[in-house]
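Text of target_35.cif (mmCIF, C-alpha atoms) as supplied:
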```cif
data_target
loop_
_atom_site.label_atom_id
_atom_site.label_comp_id
_atom_site.auth_asym_id
_atom_site.auth_seq_id
_atom_site.Cartn_x
_atom_site.Cartn_y
_atom_site.Cartn_z
CA MET A 126 10.08 -24.85 -5.11
CA LEU A 127 10.48 -24.89 -1.31
CA ALA A 128 14.25 -24.66 -1.62
CA LYS A 129 13.90 -21.69 -3.94
CA TRP A 130 11.56 -19.92 -1.52
CA MET A 131 14.00 -20.51 1.35
CA ALA A 132 16.90 -19.17 -0.70
CA LEU A 133 14.92 -16.05 -1.58
CA ALA A 134 13.93 -15.49 2.04
CA LEU A 135 17.53 -15.85 3.21
CA LEU A 136 18.67 -13.43 0.52
CA VAL A 137 16.36 -10.68 1.74
CA THR A 138 16.85 -11.36 5.44
CA ALA A 139 20.64 -11.41 5.25
CA ALA A 140 21.03 -8.51 2.83
CA PRO A 141 22.26 -5.15 4.09
CA VAL A 142 19.63 -2.46 4.34
CA HIS A 143 21.27 -0.20 1.80
CA GLY A 144 20.89 -0.80 -1.92
CA GLN A 145 18.43 -3.71 -1.71
CA ARG A 146 15.59 -3.75 -4.21
CA ILE A 147 12.82 -6.33 -3.92
CA GLU A 148 11.72 -8.41 -6.90
CA TYR A 149 9.32 -11.34 -7.09
CA PRO A 150 10.05 -14.56 -8.99
CA PRO A 151 7.58 -15.50 -11.77
CA GLU A 152 6.43 -18.48 -9.71
CA GLU A 153 4.96 -16.05 -7.15
CA PHE A 154 2.42 -14.78 -9.69
CA VAL A 155 1.60 -18.25 -11.02
CA GLU A 156 0.79 -19.35 -7.45
CA ARG A 157 -1.40 -16.30 -6.92
CA ARG A 158 -3.34 -17.05 -10.10
CA GLN A 159 -3.81 -20.64 -8.96
CA GLU A 160 -5.14 -19.38 -5.64
CA VAL A 161 -7.65 -17.03 -7.25
CA CYS A 162 -8.80 -19.77 -9.63
CA ALA A 163 -9.37 -22.14 -6.70
CA ALA A 164 -11.51 -19.49 -5.00
CA ILE A 165 -13.85 -19.17 -8.01
CA GLU A 166 -15.97 -22.29 -7.88
CA GLU A 167 -17.47 -22.10 -11.38
CA PRO A 168 -16.28 -22.01 -14.99
CA ALA A 169 -15.55 -18.40 -15.84
CA THR A 170 -13.13 -15.95 -17.43
CA LEU A 171 -11.25 -13.54 -15.17
CA LEU A 172 -10.38 -10.29 -16.97
CA LEU A 173 -8.25 -7.49 -15.49
CA PHE A 174 -6.65 -4.39 -16.96
CA ALA A 175 -3.43 -2.49 -16.34
CA LYS A 176 -3.13 1.24 -15.80
CA THR A 177 -3.63 3.25 -18.96
CA LYS A 178 -1.29 6.12 -18.14
CA ALA A 179 1.57 6.96 -15.82
CA ASP A 180 1.28 9.39 -12.94
CA VAL A 181 3.08 12.62 -13.73
CA GLY A 182 6.56 13.13 -12.33
CA VAL A 183 6.91 9.88 -10.40
CA ARG A 184 8.08 6.35 -11.14
CA PHE A 185 5.32 4.28 -12.74
CA ARG A 186 3.37 2.02 -10.39
CA GLN A 187 1.14 -0.60 -11.91
CA ASP A 188 -2.52 -1.14 -11.03
CA HIS A 189 -2.33 -3.20 -7.84
CA ASP A 190 -4.79 -5.94 -8.76
CA PHE A 191 -3.27 -6.39 -12.21
CA PHE A 192 0.29 -6.52 -10.88
CA TYR A 193 -0.73 -8.89 -8.07
CA LEU A 194 -1.72 -11.56 -10.59
CA THR A 195 0.74 -10.90 -13.44
CA GLY A 196 3.95 -9.20 -12.26
CA ASN A 197 3.73 -7.12 -15.43
CA GLU A 198 4.37 -3.36 -15.39
CA ASP A 199 3.30 -2.33 -18.90
CA LYS A 200 0.60 0.28 -19.47
CA ASN A 201 -2.54 -0.56 -21.47
CA ALA A 202 -2.25 -4.29 -20.85
CA ALA A 203 -4.89 -6.91 -20.07
CA VAL A 204 -4.91 -10.43 -18.64
CA ALA A 205 -7.48 -13.15 -19.18
CA ILE A 206 -7.58 -16.27 -16.98
CA ASP A 207 -9.64 -19.41 -17.51
CA THR A 208 -10.74 -20.22 -13.97
CA GLU A 209 -11.20 -23.97 -14.67
CA SER A 210 -7.75 -24.67 -16.12
CA CYS A 211 -6.13 -21.53 -14.67
CA ASP A 212 -4.48 -20.98 -18.06
CA ALA A 213 -3.68 -17.29 -18.50
CA TRP A 214 -3.16 -15.04 -21.51
CA LEU A 215 -1.45 -11.65 -21.41
CA PHE A 216 -2.34 -8.93 -23.94
CA LEU A 217 0.14 -6.10 -24.58
CA VAL A 218 0.28 -3.17 -26.97
CA THR A 219 2.38 -3.47 -30.11
CA GLN A 220 5.42 -1.19 -30.20
CA THR A 221 7.43 0.65 -32.81
CA GLU A 222 11.19 0.90 -32.47
CA ARG A 223 10.78 4.52 -31.42
CA GLU A 224 8.35 3.54 -28.63
CA ALA A 225 10.65 0.76 -27.49
CA SER A 226 13.58 3.17 -27.38
CA ARG A 227 11.65 5.18 -24.79
CA ASP A 228 10.20 2.40 -22.65
CA GLY A 229 12.05 -0.78 -23.61
CA TRP A 230 10.55 -3.74 -25.45
CA ASN A 231 7.60 -5.32 -23.66
CA TRP A 232 7.14 -9.07 -23.18
CA LEU A 233 5.40 -9.36 -26.53
CA TYR A 234 8.83 -8.98 -28.14
CA GLN A 235 10.86 -10.97 -25.62
CA GLU A 236 11.48 -14.58 -26.59
CA GLY A 237 10.38 -17.03 -23.90
CA ALA A 238 8.53 -14.40 -21.83
CA ALA A 239 5.23 -16.29 -21.89
CA GLU A 240 6.85 -19.49 -20.62
CA THR A 241 8.95 -17.66 -18.03
CA TRP A 242 5.96 -15.87 -16.52
CA GLY A 243 3.56 -18.80 -16.77
CA PHE A 244 1.27 -17.59 -19.57
CA GLU A 245 -0.17 -19.70 -22.36
CA GLU A 246 0.58 -16.84 -24.75
CA VAL A 247 1.49 -13.18 -24.82
CA ARG A 248 -0.66 -11.67 -27.58
CA PRO A 249 -1.17 -8.20 -29.05
CA LEU A 250 -3.85 -6.20 -27.24
CA HIS A 251 -5.94 -5.86 -30.40
CA TYR A 252 -6.50 -9.64 -30.33
CA LEU A 253 -8.42 -9.47 -27.03
CA GLU A 254 -11.78 -8.86 -28.74
CA GLU A 255 -11.35 -11.92 -30.95
CA PHE A 256 -10.09 -13.94 -27.99
CA LEU A 257 -13.32 -13.23 -26.10
CA ALA A 258 -15.40 -14.01 -29.20
CA ARG A 259 -13.66 -17.37 -29.63
CA ARG A 260 -14.57 -18.32 -26.06
CA ARG A 261 -18.26 -17.96 -26.93
CA VAL A 262 -20.44 -20.95 -26.00
CA SER A 263 -24.19 -21.32 -25.87
CA GLY A 264 -25.96 -19.97 -22.83
CA THR A 265 -24.87 -17.41 -20.25
CA GLN A 266 -21.15 -17.10 -19.60
CA VAL A 267 -19.56 -15.57 -16.53
CA VAL A 268 -16.78 -12.99 -16.56
CA TYR A 269 -15.17 -11.86 -13.33
CA THR A 270 -13.63 -8.41 -13.45
CA ARG A 271 -13.20 -5.47 -11.12
CA LEU A 272 -16.52 -3.73 -10.55
CA SER A 273 -15.43 -2.01 -7.33
CA GLU A 274 -13.11 0.96 -7.13
CA ARG A 275 -9.39 0.72 -7.85
CA ASP A 276 -7.18 1.22 -4.81
CA GLU A 277 -4.11 3.44 -4.96
CA MET A 278 -0.83 3.35 -3.04
CA ASP A 279 -2.06 6.13 -0.74
CA GLY A 280 -5.81 5.56 -1.03
CA ALA A 281 -8.02 2.58 -0.21
CA ARG A 282 -10.94 1.51 -2.38
CA GLY A 283 -13.27 3.31 0.02
CA ASP A 284 -11.24 6.51 -0.27
CA THR A 285 -11.35 6.26 -4.06
CA ALA A 286 -15.13 5.83 -3.92
CA ILE A 287 -15.53 8.95 -1.76
CA PHE A 288 -13.30 11.10 -3.99
CA TYR A 289 -15.15 9.81 -7.06
CA ALA A 290 -18.49 10.74 -5.50
CA ARG A 291 -17.19 14.23 -4.73
CA ARG A 292 -16.01 14.61 -8.32
CA LEU A 293 -19.46 13.70 -9.62
CA VAL A 294 -20.82 16.84 -7.93
CA ASN A 295 -18.87 18.86 -10.50
CA PRO A 296 -20.86 18.73 -13.77
CA TRP A 297 -17.65 19.34 -15.70
CA GLY A 298 -15.73 16.53 -14.04
CA ALA A 299 -18.38 13.84 -13.82
CA GLN A 300 -17.03 11.40 -16.39
CA PRO A 301 -17.23 7.74 -15.28
CA SER A 302 -14.23 5.95 -13.87
CA GLU A 303 -12.30 3.67 -16.23
CA ASP A 304 -13.68 0.58 -14.49
CA ALA A 305 -17.26 1.85 -14.74
CA TRP A 306 -16.78 2.69 -18.42
CA ARG A 307 -15.27 -0.74 -19.14
CA ALA A 308 -18.18 -2.51 -17.44
CA ARG A 309 -20.74 -0.53 -19.47
CA MET A 310 -18.94 -1.12 -22.75
CA PHE A 311 -18.46 -4.81 -22.00
CA ARG A 312 -22.17 -5.26 -21.34
CA GLU A 313 -22.99 -3.52 -24.63
CA ARG A 314 -20.55 -5.56 -26.70
CA TYR A 315 -21.04 -8.92 -24.99
CA PRO A 316 -24.59 -9.11 -23.60
CA HIS A 317 -24.26 -12.90 -23.24
CA TYR A 318 -21.54 -12.46 -20.60
CA GLU A 319 -22.61 -12.04 -16.98
CA LEU A 320 -20.23 -9.70 -15.13
CA ARG A 321 -19.28 -10.42 -11.53
CA ASP A 322 -16.97 -8.55 -9.17
CA ILE A 323 -13.60 -10.20 -8.50
CA THR A 324 -12.64 -7.58 -5.91
CA PRO A 325 -13.79 -9.47 -2.77
CA THR A 326 -11.73 -12.51 -3.80
CA ILE A 327 -8.58 -10.51 -4.54
CA ASP A 328 -9.03 -8.44 -1.39
CA GLY A 329 -9.17 -11.59 0.71
CA MET A 330 -5.93 -12.80 -0.86
CA ARG A 331 -4.13 -9.48 -0.52
CA MET A 332 -5.23 -9.16 3.12
CA ILE A 333 -3.10 -12.18 4.10
CA LYS A 334 0.52 -11.56 3.17
CA ARG A 335 2.58 -14.23 1.46
CA PRO A 336 6.17 -15.08 2.58
CA ARG A 337 7.91 -12.92 -0.04
CA GLU A 338 5.64 -9.98 0.73
CA ILE A 339 6.46 -10.32 4.42
CA GLU A 340 10.17 -10.19 3.64
CA ALA A 341 9.61 -7.02 1.60
CA LEU A 342 7.68 -5.52 4.51
CA ARG A 343 10.42 -6.40 6.99
CA LEU A 344 13.05 -4.74 4.83
CA ASN A 345 10.79 -1.75 4.34
CA GLY A 346 10.23 -1.49 8.09
CA ARG A 347 13.97 -1.36 8.75
CA VAL A 348 14.61 1.25 6.05
CA SER A 349 11.63 3.44 6.92
CA ALA A 350 12.65 3.28 10.58
CA GLU A 351 16.17 4.40 9.70
CA ALA A 352 14.62 7.26 7.71
CA HIS A 353 12.65 8.44 10.75
CA VAL A 354 15.77 8.32 12.92
CA ALA A 355 17.59 10.50 10.38
CA ALA A 356 14.69 12.97 10.40
CA ILE A 357 14.66 13.27 14.18
CA GLU A 358 18.43 13.75 14.21
CA ALA A 359 18.16 16.52 11.59
CA THR A 360 15.67 18.54 13.64
CA ARG A 361 16.76 21.95 14.91
CA PRO A 362 15.07 25.23 15.84
CA GLY A 363 15.39 27.53 12.84
CA GLY A 364 15.40 24.62 10.42
CA TYR A 365 12.51 23.83 8.10
CA GLU A 366 9.97 21.08 7.80
CA TYR A 367 11.23 20.21 4.32
CA GLU A 368 14.73 19.63 5.70
CA VAL A 369 13.30 17.00 8.03
CA GLU A 370 11.51 15.42 5.06
CA ALA A 371 14.69 15.52 2.97
CA ALA A 372 16.73 13.71 5.64
CA ALA A 373 14.21 10.86 5.68
CA THR A 374 13.80 10.71 1.89
CA GLN A 375 17.55 10.48 1.35
CA VAL A 376 17.71 7.38 3.53
CA MET A 377 14.72 5.71 1.85
CA ILE A 378 15.78 6.26 -1.75
CA GLY A 379 19.45 5.68 -0.92
CA SER A 380 18.49 2.34 0.61
CA GLY A 381 16.77 1.06 -2.52
CA ALA A 382 13.14 2.10 -2.01
CA GLU A 383 11.14 2.41 -5.23
CA HIS A 384 9.71 5.67 -3.95
CA ALA A 385 7.89 7.08 -0.95
CA ALA A 386 4.64 5.29 -0.17
CA TYR A 387 2.87 8.64 0.20
CA ALA A 388 3.70 12.32 0.38
CA ALA A 389 5.58 13.09 3.58
CA ILE A 390 3.59 14.66 6.41
CA VAL A 391 5.94 16.84 8.50
CA GLY A 392 3.80 19.18 10.56
CA SER A 393 5.28 21.46 13.22
CA GLY A 394 3.29 23.48 15.73
CA PRO A 395 -0.30 24.07 14.50
CA ASN A 396 0.47 22.19 11.28
CA GLY A 397 0.61 19.00 13.34
CA LEU A 398 -3.14 19.29 13.89
CA VAL A 399 -3.73 18.89 10.14
CA TRP A 400 -3.67 15.13 9.78
CA HIS A 401 -2.73 15.10 6.09
CA TYR A 402 -0.63 18.28 6.03
CA GLN A 403 1.86 18.14 3.14
CA ALA A 404 3.16 21.66 2.50
CA ASN A 405 6.20 21.04 4.73
CA GLY A 406 7.46 24.59 4.32
CA ASP A 407 7.34 26.22 7.76
CA GLU A 408 10.28 27.09 9.99
CA LEU A 409 10.74 24.98 13.10
CA GLU A 410 10.39 26.82 16.38
CA ALA A 411 11.54 25.81 19.87
CA GLY A 412 8.67 24.62 22.04
CA GLU A 413 6.75 23.16 19.11
CA LEU A 414 6.10 19.52 18.37
CA ILE A 415 6.75 17.81 15.03
CA VAL A 416 4.40 15.12 13.78
CA MET A 417 6.00 13.11 10.98
CA ASP A 418 4.03 10.45 9.08
CA TYR A 419 6.12 8.85 6.33
CA GLY A 420 7.13 5.52 4.86
CA ALA A 421 8.67 3.86 1.82
CA SER A 422 7.58 1.33 -0.78
CA PHE A 423 9.59 -1.82 -1.46
CA GLY A 424 8.38 -4.55 -3.81
CA TYR A 425 4.90 -2.99 -4.02
CA GLN A 426 4.63 -3.18 -0.21
CA THR A 427 4.30 0.04 1.78
CA MET A 428 5.07 1.09 5.34
CA ASP A 429 3.15 3.48 7.62
CA ILE A 430 5.05 5.07 10.53
CA THR A 431 4.39 8.18 12.59
CA ARG A 432 6.51 9.70 15.33
CA THR A 433 6.04 12.87 17.37
CA TRP A 434 8.92 14.77 18.99
CA PRO A 435 9.77 18.27 20.29
CA VAL A 436 11.78 20.61 18.07
CA SER A 437 13.94 21.73 20.99
CA GLY A 438 14.56 18.22 22.35
CA GLU A 439 12.46 18.84 25.47
CA PHE A 440 8.77 18.16 26.13
CA THR A 441 6.63 20.46 28.20
CA GLU A 442 4.89 18.73 31.12
CA LEU A 443 1.59 18.49 29.21
CA GLN A 444 3.25 17.32 25.99
CA GLU A 445 5.13 14.58 27.82
CA ARG A 446 2.09 13.41 29.74
CA ALA A 447 0.08 13.12 26.54
CA TYR A 448 2.99 11.37 24.84
CA ARG A 449 3.32 8.80 27.62
CA ALA A 450 -0.43 8.15 27.52
CA VAL A 451 -0.34 7.46 23.75
CA LEU A 452 2.75 5.29 24.13
CA GLU A 453 1.19 3.18 26.87
CA ALA A 454 -1.99 2.77 24.83
CA GLN A 455 -0.12 1.75 21.69
CA LYS A 456 2.04 -0.77 23.55
CA ALA A 457 -1.01 -2.32 25.21
CA VAL A 458 -2.87 -2.63 21.92
CA ILE A 459 0.06 -4.30 20.19
CA ALA A 460 0.57 -6.67 23.11
CA ALA A 461 -3.07 -7.75 22.77
CA MET A 462 -2.97 -8.30 19.00
CA LYS A 463 -3.06 -11.98 18.06
CA PRO A 464 -5.24 -14.25 15.94
CA GLY A 465 -8.87 -14.22 17.07
CA VAL A 466 -8.81 -10.78 18.71
CA THR A 467 -11.26 -8.22 17.30
CA ARG A 468 -10.57 -4.60 16.46
CA GLN A 469 -13.23 -3.50 18.95
CA GLU A 470 -11.41 -5.30 21.76
CA THR A 471 -8.20 -3.42 20.95
CA ARG A 472 -10.03 -0.09 20.74
CA GLU A 473 -11.44 -0.56 24.23
CA ILE A 474 -7.93 -1.23 25.57
CA SER A 475 -6.65 2.00 24.01
CA LYS A 476 -9.58 4.13 25.19
CA GLU A 477 -9.35 2.88 28.76
CA ILE A 478 -5.68 3.82 29.01
CA VAL A 479 -6.15 7.28 27.46
CA ARG A 480 -9.03 8.00 29.83
CA LYS A 481 -6.92 6.82 32.76
CA TRP A 482 -4.40 9.55 31.91
CA GLY A 483 -7.21 12.12 31.87
CA PHE A 484 -7.39 12.75 28.11
CA ASP A 485 -10.15 12.73 25.51
CA ASP A 486 -10.37 9.22 24.05
CA ARG A 487 -12.12 10.02 20.73
CA PHE A 488 -8.97 9.27 18.66
CA ALA A 489 -7.68 6.47 20.88
CA SER A 490 -7.86 3.84 18.16
CA GLY A 491 -6.73 0.25 18.49
CA ALA A 492 -5.79 -2.05 15.63
CA GLY A 493 -6.30 0.23 12.63
CA HIS A 494 -6.20 0.06 8.86
CA PHE A 495 -4.58 -2.68 6.79
CA VAL A 496 -1.17 -1.99 5.22
CA GLY A 497 0.25 -3.66 2.11
CA MET A 498 0.27 -2.68 -1.55
CA GLY A 499 -1.63 0.38 -0.37
CA VAL A 500 -0.89 2.32 2.80
CA HIS A 501 -4.61 1.92 3.52
CA ASP A 502 -4.80 -1.55 2.05
CA VAL A 503 -7.71 -3.76 1.10
CA GLY A 504 -9.29 -6.22 3.51
CA ASP A 505 -12.37 -7.10 5.56
CA TYR A 506 -12.44 -4.99 8.72
CA SER A 507 -15.24 -7.05 10.26
CA LEU A 508 -12.99 -10.09 10.64
CA PRO A 509 -11.02 -10.87 13.80
CA LEU A 510 -7.26 -10.65 13.45
CA GLN A 511 -5.64 -13.43 11.43
CA GLU A 512 -2.07 -14.59 10.94
CA GLY A 513 -0.56 -12.78 7.98
CA MET A 514 -2.55 -9.56 8.34
CA VAL A 515 -0.49 -6.35 8.44
CA ILE A 516 -2.09 -3.51 10.39
CA ALA A 517 -1.21 0.03 11.48
CA VAL A 518 -1.62 0.95 15.15
CA GLU A 519 -1.85 4.71 15.80
CA PRO A 520 -3.64 5.99 18.90
CA ILE A 521 -3.82 9.78 18.99
CA ILE A 522 -4.32 12.47 21.61
CA GLU A 523 -5.15 15.93 20.36
CA ILE A 524 -5.35 19.17 22.38
CA PRO A 525 -5.98 21.83 19.69
CA GLU A 526 -5.85 24.85 22.00
CA GLU A 527 -2.27 23.88 22.94
CA ASN A 528 -1.21 22.88 19.38
CA ILE A 529 -0.67 19.35 20.67
CA HIS A 530 -1.16 16.37 18.40
CA ILE A 531 0.55 13.21 19.68
CA ARG A 532 0.59 10.24 17.33
CA ILE A 533 2.78 7.15 17.59
CA GLU A 534 2.20 4.76 14.71
CA ASP A 535 3.79 1.42 13.87
CA THR A 536 3.05 -1.19 11.23
CA VAL A 537 2.44 -4.61 12.77
CA LEU A 538 2.39 -8.14 11.33
CA ILE A 539 0.01 -10.62 12.98
CA THR A 540 1.87 -13.88 13.65
CA ALA A 541 0.66 -17.26 14.91
CA ASP A 542 1.12 -16.26 18.55
CA GLY A 543 1.14 -12.47 18.64
CA ALA A 544 2.37 -9.42 16.77
CA GLU A 545 5.68 -8.45 15.16
CA ILE A 546 6.38 -4.70 14.97
CA LEU A 547 7.84 -4.21 11.50
CA SER A 548 8.88 -0.63 12.28
CA ALA A 549 10.35 -1.41 15.70
CA ALA A 550 13.73 0.15 14.89
CA VAL A 551 12.32 3.66 15.34
CA PRO A 552 12.77 4.60 19.01
CA LYS A 553 9.64 5.72 20.83
CA GLU A 554 10.58 5.67 24.52
CA VAL A 555 10.76 9.25 25.78
CA ASP A 556 14.45 9.26 26.71
CA GLU A 557 15.47 7.51 23.49
CA VAL A 558 13.56 9.96 21.29
CA LEU A 559 14.84 13.04 23.10
CA ALA A 560 18.42 11.76 22.82
CA LEU A 561 18.07 11.69 19.03
CA VAL A 562 16.62 15.16 18.53
CA GLY A 563 19.12 17.44 16.83
CA ARG A 564 21.99 14.93 17.09
CA ARG A 565 22.88 15.25 13.43
CA ALA A 566 22.49 19.03 13.49
CA ALA A 567 24.74 19.26 16.56
CA LYS A 568 27.46 17.36 14.68
CA GLY A 569 27.23 19.78 11.79
CA ASP A 570 26.27 17.04 9.32
#
```

Is it possible to express this structure as structure tokens?
Amino acid sequence: MLAKWMALALLVTAAPVHGQRIEYPPEEFVERRQEVCAAIEEPATLLLFAKTKADVGVRFRQDHDFFYLTGNEDKNAAVAIDTESCDAWLFLVTQTEREASRDGWNWLYQEGAAETWGFEEVRPLHYLEEFLARRRVSGTQVVYTRLSERDEMDGARGDTAIFYARRLVNPWGAQPSEDAWRARMFRERYPHYELRDITPTIDGMRMIKRPREIEALRLNGRVSAEAHVAAIEATRPGGYEYEVEAAATQVMIGSGAEHAAYAAIVGSGPNGLVWHYQANGDELEAGELIVMDYGASFGYQTMDITRTWPVSGEFTELQERAYRAVLEAQKAVIAAMKPGVTRQETREISKEIVRKWGFDDRFASGAGHFVGMGVHDVGDYSLPLQEGMVIAVEPIIEIPEENIHIRIEDTVLITADGAEILSAAVPKEVDEVLALVGRRAAKGD
């Protein structure tokens, strides 16, 4: 097994940036299931469900928790795991030939799939009810499932909870979430089962990245960095925000990314003050700043990078001073990030530097949100930094009356003795950034 892991790591590390897709070996998911079983210190059944429908107009992305433990990308699937033996059963929908011609045959119809992917059996979904009935024993039984919110690629569990709460205000849109509905129905059908939330256990596992995930993140960092360079080079007065987005997207997809990790944020002038601006339709004007927040997804691992630069290739005195303050703060925070350090300690470092430069420190954050399967990934923010955590660092200075929003964001891996900047290939020193602005446009590319 060790030799196989080393071979896989070398394959990703040595591969050229372009045209490299990330896949995980079946053993990766077996090991994850073994880890989650070891964390549950009682006899129980773990039950998780796949997504029930695809997002419109984009490549299908499986439910994160379900994919994390199965590697399966079929809709309307379920997995059951016996936490004592760690035996696992996968349940998939039956298909007609017509359905298979659209989506391909699922593992239910592929000889040897159960053995390959480490399952006891792959069974039809309609057998799940009988499967649960056959596991009936006297007394109370425990079932772990997801009782917390589902996280999305561009939305953490907390974000999902907030948006769900806002939806409940609308009397015509207040239907329960799928997870809430499943929990209610399960309690009605199987009152002898005691439901418990598996989310804290999975979140703790996902918070610490495994070797193959780290390799995916490193590749993603290089590609997403190259995409930002292309965007800066494509900038020109009279161009458009969407042209900057297009230059970056071409690099990401052309380099093997599954898709963008989130909708590109390319805000020029006053649009840069809108933190999640996504229209990307305005013309670029000399004297304005561009704030671009964008990253790719490789192997279900995302990247979060932001750079700020002047459309004309020259900062004003105030813009440059704010930029240098943010840059110094970000560098100091990253230099301080190592196992045992707390987020509060890094925030104080950032705030002190921003205040030293004479700016408002309210957005001078330190070590920020987790990054992984989601751009705002799962994890316990109360914990000190640990080896294997991946975290975004993005101090900000905003001067609204001058249309100035300076943000420099990198995604950082916590190592045994410090921090590795996964997105380091994007220049951020003042002279280096200014040298890139408009370079591609000047060549007529």

Sorted by chain and rising residue number, which residues of range 458-547 of chain A lie within 6 Å of range 413-428 of chain A, and what are their closest atom pairs and distances in Å to one decimal, counting all atoms listed in the file, as CSV?
```
residue,atom,partner,partner_atom,distance
A:Gly497,CA,A:Gln426,CA,5.0
A:Met498,CA,A:Gln426,CA,4.6
A:Val500,CA,A:Thr427,CA,5.8
```

Store the residues picked out above in a file with C-alpha atoms, as a short mmCIF file (atom, residue, chain, number, x, y, z; two decimals), keeping the file's coordinate frame.
```cif
data_model
loop_
_atom_site.label_atom_id
_atom_site.label_comp_id
_atom_site.auth_asym_id
_atom_site.auth_seq_id
_atom_site.Cartn_x
_atom_site.Cartn_y
_atom_site.Cartn_z
CA GLY A 497 0.25 -3.66 2.11
CA MET A 498 0.27 -2.68 -1.55
CA VAL A 500 -0.89 2.32 2.80
#
```

Checklist entry - Which neighbours of range 235-241 of chain A fall inside 10 Å, counting all atoms listed in the file, when residues of the same chain fewer than 6 positions from it are skipped, and could you give them as a PyMOL selection string? => result chain A and resi 150-152+213-215+247-248

As a check of understanding, name the residues that the PyMOL selection byres ((chain A and resi 323-332) around 8) selects in the supplied structure, as a JSON list (two decimals) with C-alpha atoms, in the frame of the given file.
```json
[["chain", "number", "residue", "atom", "x", "y", "z"],
["A", 161, "VAL", "CA", -7.65, -17.03, -7.25],
["A", 164, "ALA", "CA", -11.51, -19.49, -5.00],
["A", 171, "LEU", "CA", -11.25, -13.54, -15.17],
["A", 190, "ASP", "CA", -4.79, -5.94, -8.76],
["A", 269, "TYR", "CA", -15.17, -11.86, -13.33],
["A", 270, "THR", "CA", -13.63, -8.41, -13.45],
["A", 271, "ARG", "CA", -13.20, -5.47, -11.12],
["A", 272, "LEU", "CA", -16.52, -3.73, -10.55],
["A", 273, "SER", "CA", -15.43, -2.01, -7.33],
["A", 321, "ARG", "CA", -19.28, -10.42, -11.53],
["A", 322, "ASP", "CA", -16.97, -8.55, -9.17],
["A", 333, "ILE", "CA", -3.10, -12.18, 4.10],
["A", 334, "LYS", "CA", 0.52, -11.56, 3.17],
["A", 495, "PHE", "CA", -4.58, -2.68, 6.79],
["A", 497, "GLY", "CA", 0.25, -3.66, 2.11],
["A", 502, "ASP", "CA", -4.80, -1.55, 2.05],
["A", 503, "VAL", "CA", -7.71, -3.76, 1.10],
["A", 504, "GLY", "CA", -9.29, -6.22, 3.51],
["A", 505, "ASP", "CA", -12.37, -7.10, 5.56],
["A", 513, "GLY", "CA", -0.56, -12.78, 7.98],
["A", 514, "MET", "CA", -2.55, -9.56, 8.34],
["A", 515, "VAL", "CA", -0.49, -6.35, 8.44]]
```

Checklist entry - Nearest to Leu320 in chain A: which of A:Gly465, A:Phe244, A:Trp306, A:Val267 is it, counting only C-alpha atoms? => result A:Val267

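With distances taken over all atoms listed in the file, A:Cys211 is the one residue among A:Asp486, A:Cys211, A:Tyr234, A:Glu148 lying closest to Ala163 in chain A.
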
Checklist entry - Can you list what the PyMOL selection byres ((chain A and resi 366-381) around 10) grabs from this structure, as a ChimeraX atom specification? => result /A:141-147,344-345,347-361,363-365,382-385,388-393,403-409,415,417-423

Item to check | Ala411 in chain A environment, 6 Å, all atoms listed in the file, sequence neighbours closer than 2 positions dropped, as a list in words | outcome: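 Counting only the stated atoms, we get Pro362, Glu413, Val436 and Ser437 of chain A.
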
Saved selection, atoms kept: C-alpha atoms, as a compact mmCIF listing (two decimals), in the frame of the given file:
```
# COMPACT_ATOMS: atom_id res chain seq x y z
CA PRO A 362 15.07 25.23 15.84
CA GLU A 413 6.75 23.16 19.11
CA VAL A 436 11.78 20.61 18.07
CA SER A 437 13.94 21.73 20.99
```

Item to check | Atom-to-atom span, CA of Val496 in chain A and CA of Phe288 in chain A, Å | outcome: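 Interatomic distance here is 20.1 Å.
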
Checklist entry - A:Thr471, A:Ala489, A:Asp542, A:Gly483: which is nearest Gln511 in chain A, counting all atoms listed in the file? => result A:Asp542
